[in-house]
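J.: Dumping the structure here so I can ask a few things about it.
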Amino acid sequence: MITAIDTNVLVSLWSTEDSLNAEAYRALTAASQRGRLVVSAPVYVEIRAMPERSEQMVEGFLDDIGAEVDWVVEEKIWREAAKASHEYGKRRGDKQSRLPWRIAGDFVIGAHAMVRGHSLLTLDRRTFRVSFPSLRFAPESS
């Protein structure tokens, strides 16, 4: 089984002060025991976004957790992400909506996992569950 990791899991792992750090660690450990770990190219971009995160630091971190980067994001993934983003925009409606704004990367991350047939390890299943009904989720712990 291959598990795609969402950005929020990795960000939570970087700080022991993060309230979700222990949950992220348990979930990642369980996922790694079930099979391979991957991050999509958009996740790589998001985790490199902070100025203190050098390429070497990010590459070392991914090596340490045993995750590889899937750099290929083909047309089908982009189309599924666009469809999900469009539907989310319709559900969200006007500026008074209680639904938070989501960035395009969130939809590419979900579409990547769905199209590849990977389970997704995320700390925020709600948006992905609605946007990608056929997406499988990694169990949070064993």
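By convention in this document, the chains of the structure tokens carry letters A, B, ... by their order, each chain's residues are numbered from 1, and ligands are numbered from 1 in the order they are shown.
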Need the shell around stretch 119-136 of chain A: protein/DNA/RNA residues with any atom at most 7 Å away, counting only C-alpha atoms. Skip same-chain ones fewer than 2 positions apart. Format as a list in words?
T.: Ile2, Thr3, Ala4, Ile5, Asp6, Asn8, Val9, Ala84, Tyr88, Gly110, Ala113, Met114, Gly117 and Ala138 of chain A
J.: Can you tell me how far atom CA of A:His118 sits from atom CA of A:Met1, in Å to one decimal?
T.: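 These atoms are spaced 7.2 Å apart.
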J.: Assign secondary structure with DSSP using the backbone only, and return the residues of chain A in strand (DSSP E) as number ranges by chain.
T.: A: 2-5, 36-40, 67-70, 119-121, 136-137
J.: Can you tell me how far atom CA of A:Val73 sits from atom CA of A:Met57, in Å to one decimal?
T.: 23.5 Å
J.: By how many Å are atom CA of A:Ala82 and atom CA of A:Asp106 apart?
T.: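 Atom CA of A:Ala82 sits 10.7 Å away from atom CA of A:Asp106.
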J.: Mind checking which residues fall within 12 Å of A:Ala104, counting only C-alpha atoms, ignoring those fewer than 6 positions away in the same chain, and posting them as a PDB file with N, CA and C atoms, in the first residue's frame?
T.:
ATOM      1  N   PRO A  42       3.237  19.233  -5.165  1.00  0.00           N
ATOM      2  CA  PRO A  42       2.720  20.404  -4.444  1.00  0.00           C
ATOM      3  C   PRO A  42       3.036  20.378  -2.945  1.00  0.00           C
ATOM      4  N   VAL A  43       3.056  19.200  -2.342  1.00  0.00           N
ATOM      5  CA  VAL A  43       3.419  19.099  -0.923  1.00  0.00           C
ATOM      6  C   VAL A  43       4.875  19.522  -0.752  1.00  0.00           C
ATOM      7  N   GLU A  46       5.027  23.235  -0.805  1.00  0.00           N
ATOM      8  CA  GLU A  46       4.500  23.829   0.429  1.00  0.00           C
ATOM      9  C   GLU A  46       5.474  23.687   1.596  1.00  0.00           C
ATOM     10  N   TRP A  78      -4.501  17.244 -12.853  1.00  0.00           N
ATOM     11  CA  TRP A  78      -4.889  18.656 -12.941  1.00  0.00           C
ATOM     12  C   TRP A  78      -6.392  18.803 -13.194  1.00  0.00           C
ATOM     13  N   ARG A  79      -6.932  17.959 -14.068  1.00  0.00           N
ATOM     14  CA  ARG A  79      -8.370  18.044 -14.378  1.00  0.00           C
ATOM     15  C   ARG A  79      -9.234  17.667 -13.174  1.00  0.00           C
ATOM     16  N   GLU A  80      -8.841  16.622 -12.455  1.00  0.00           N
ATOM     17  CA  GLU A  80      -9.588  16.233 -11.257  1.00  0.00           C
ATOM     18  C   GLU A  80      -9.500  17.321 -10.181  1.00  0.00           C
ATOM     19  N   ALA A  81      -8.324  17.922 -10.050  1.00  0.00           N
ATOM     20  CA  ALA A  81      -8.157  19.010  -9.079  1.00  0.00           C
ATOM     21  C   ALA A  81      -9.030  20.207  -9.462  1.00  0.00           C
ATOM     22  N   ALA A  82      -9.059  20.545 -10.742  1.00  0.00           N
ATOM     23  CA  ALA A  82      -9.884  21.668 -11.204  1.00  0.00           C
ATOM     24  C   ALA A  82     -11.365  21.401 -10.963  1.00  0.00           C
ATOM     25  N   LYS A  83     -11.793  20.176 -11.243  1.00  0.00           N
ATOM     26  CA  LYS A  83     -13.194  19.804 -11.016  1.00  0.00           C
ATOM     27  C   LYS A  83     -13.546  19.928  -9.531  1.00  0.00           C
ATOM     28  N   ALA A  84     -12.699  19.385  -8.671  1.00  0.00           N
ATOM     29  CA  ALA A  84     -12.960  19.430  -7.226  1.00  0.00           C
ATOM     30  C   ALA A  84     -12.942  20.868  -6.714  1.00  0.00           C
ATOM     31  N   SER A  85     -12.008  21.662  -7.204  1.00  0.00           N
ATOM     32  CA  SER A  85     -11.915  23.062  -6.791  1.00  0.00           C
ATOM     33  C   SER A  85     -13.157  23.841  -7.226  1.00  0.00           C
ATOM     34  N   HIS A  86     -13.610  23.569  -8.430  1.00  0.00           N
ATOM     35  CA  HIS A  86     -14.815  24.229  -8.949  1.00  0.00           C
ATOM     36  C   HIS A  86     -16.039  23.879  -8.097  1.00  0.00           C
ATOM     37  N   TYR A  88     -16.035  22.831  -5.027  1.00  0.00           N
ATOM     38  CA  TYR A  88     -15.853  23.433  -3.704  1.00  0.00           C
ATOM     39  C   TYR A  88     -16.260  24.903  -3.747  1.00  0.00           C
ATOM     40  N   GLY A  89     -15.853  25.603  -4.791  1.00  0.00           N
ATOM     41  CA  GLY A  89     -16.231  27.008  -4.936  1.00  0.00           C
ATOM     42  C   GLY A  89     -17.737  27.191  -4.979  1.00  0.00           C
ATOM     43  N   GLY A 110      -5.115  16.214  -3.180  1.00  0.00           N
ATOM     44  CA  GLY A 110      -6.183  15.217  -3.131  1.00  0.00           C
ATOM     45  C   GLY A 110      -6.337  14.470  -4.443  1.00  0.00           C
ATOM     46  N   ALA A 111      -6.292  15.196  -5.553  1.00  0.00           N
ATOM     47  CA  ALA A 111      -6.426  14.559  -6.869  1.00  0.00           C
ATOM     48  C   ALA A 111      -5.253  13.628  -7.140  1.00  0.00           C
TER      49      ALA A 111
END
J.: At a cut-off of 7 Å, using only C-alpha atoms, what residues contact A:Ser40? Leave out same-chain residues fewer than 2 positions from it and give the result as a PDB file with N, CA and C atoms, in the first residue's frame.
T.:
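See selection_20.pdb below for the written result:
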ATOM      1  N   VAL A  38       4.805   8.581   0.043  1.00  0.00           N
ATOM      2  CA  VAL A  38       5.127   9.541  -1.005  1.00  0.00           C
ATOM      3  C   VAL A  38       4.563  10.903  -0.643  1.00  0.00           C
ATOM      4  N   PRO A  42       3.237  19.233  -5.165  1.00  0.00           N
ATOM      5  CA  PRO A  42       2.720  20.404  -4.444  1.00  0.00           C
ATOM      6  C   PRO A  42       3.036  20.378  -2.945  1.00  0.00           C
ATOM      7  N   VAL A  43       3.056  19.200  -2.342  1.00  0.00           N
ATOM      8  CA  VAL A  43       3.419  19.099  -0.923  1.00  0.00           C
ATOM      9  C   VAL A  43       4.875  19.522  -0.752  1.00  0.00           C
ATOM     10  N   TYR A  44       5.728  19.071  -1.640  1.00  0.00           N
ATOM     11  CA  TYR A  44       7.140  19.465  -1.574  1.00  0.00           C
ATOM     12  C   TYR A  44       7.272  20.990  -1.632  1.00  0.00           C
ATOM     13  N   VAL A  69       9.445  11.748  -3.275  1.00  0.00           N
ATOM     14  CA  VAL A  69       8.619  12.757  -3.942  1.00  0.00           C
ATOM     15  C   VAL A  69       8.172  12.212  -5.295  1.00  0.00           C
ATOM     16  N   ASP A  70       6.883  12.319  -5.575  1.00  0.00           N
ATOM     17  CA  ASP A  70       6.355  11.999  -6.896  1.00  0.00           C
ATOM     18  C   ASP A  70       6.251  13.322  -7.647  1.00  0.00           C
ATOM     19  N   TRP A  71       7.194  13.556  -8.528  1.00  0.00           N
ATOM     20  CA  TRP A  71       7.279  14.832  -9.241  1.00  0.00           C
ATOM     21  C   TRP A  71       6.308  14.935 -10.409  1.00  0.00           C
ATOM     22  N   ILE A 109      -3.258  18.018  -4.330  1.00  0.00           N
ATOM     23  CA  ILE A 109      -2.817  16.970  -3.402  1.00  0.00           C
ATOM     24  C   ILE A 109      -3.861  15.853  -3.330  1.00  0.00           C
ATOM     25  N   HIS A 112      -4.069  14.027  -6.747  1.00  0.00           N
ATOM     26  CA  HIS A 112      -2.878  13.185  -6.926  1.00  0.00           C
ATOM     27  C   HIS A 112      -3.075  11.835  -6.232  1.00  0.00           C
TER      28      HIS A 112
END
J.: Per DSSP on the backbone, what are the alpha helix (DSSP H) residues of stretch 17-82 of chain A, as a ChimeraX atom specification?
T.: /A:21-34,41-47,55-65,75-82
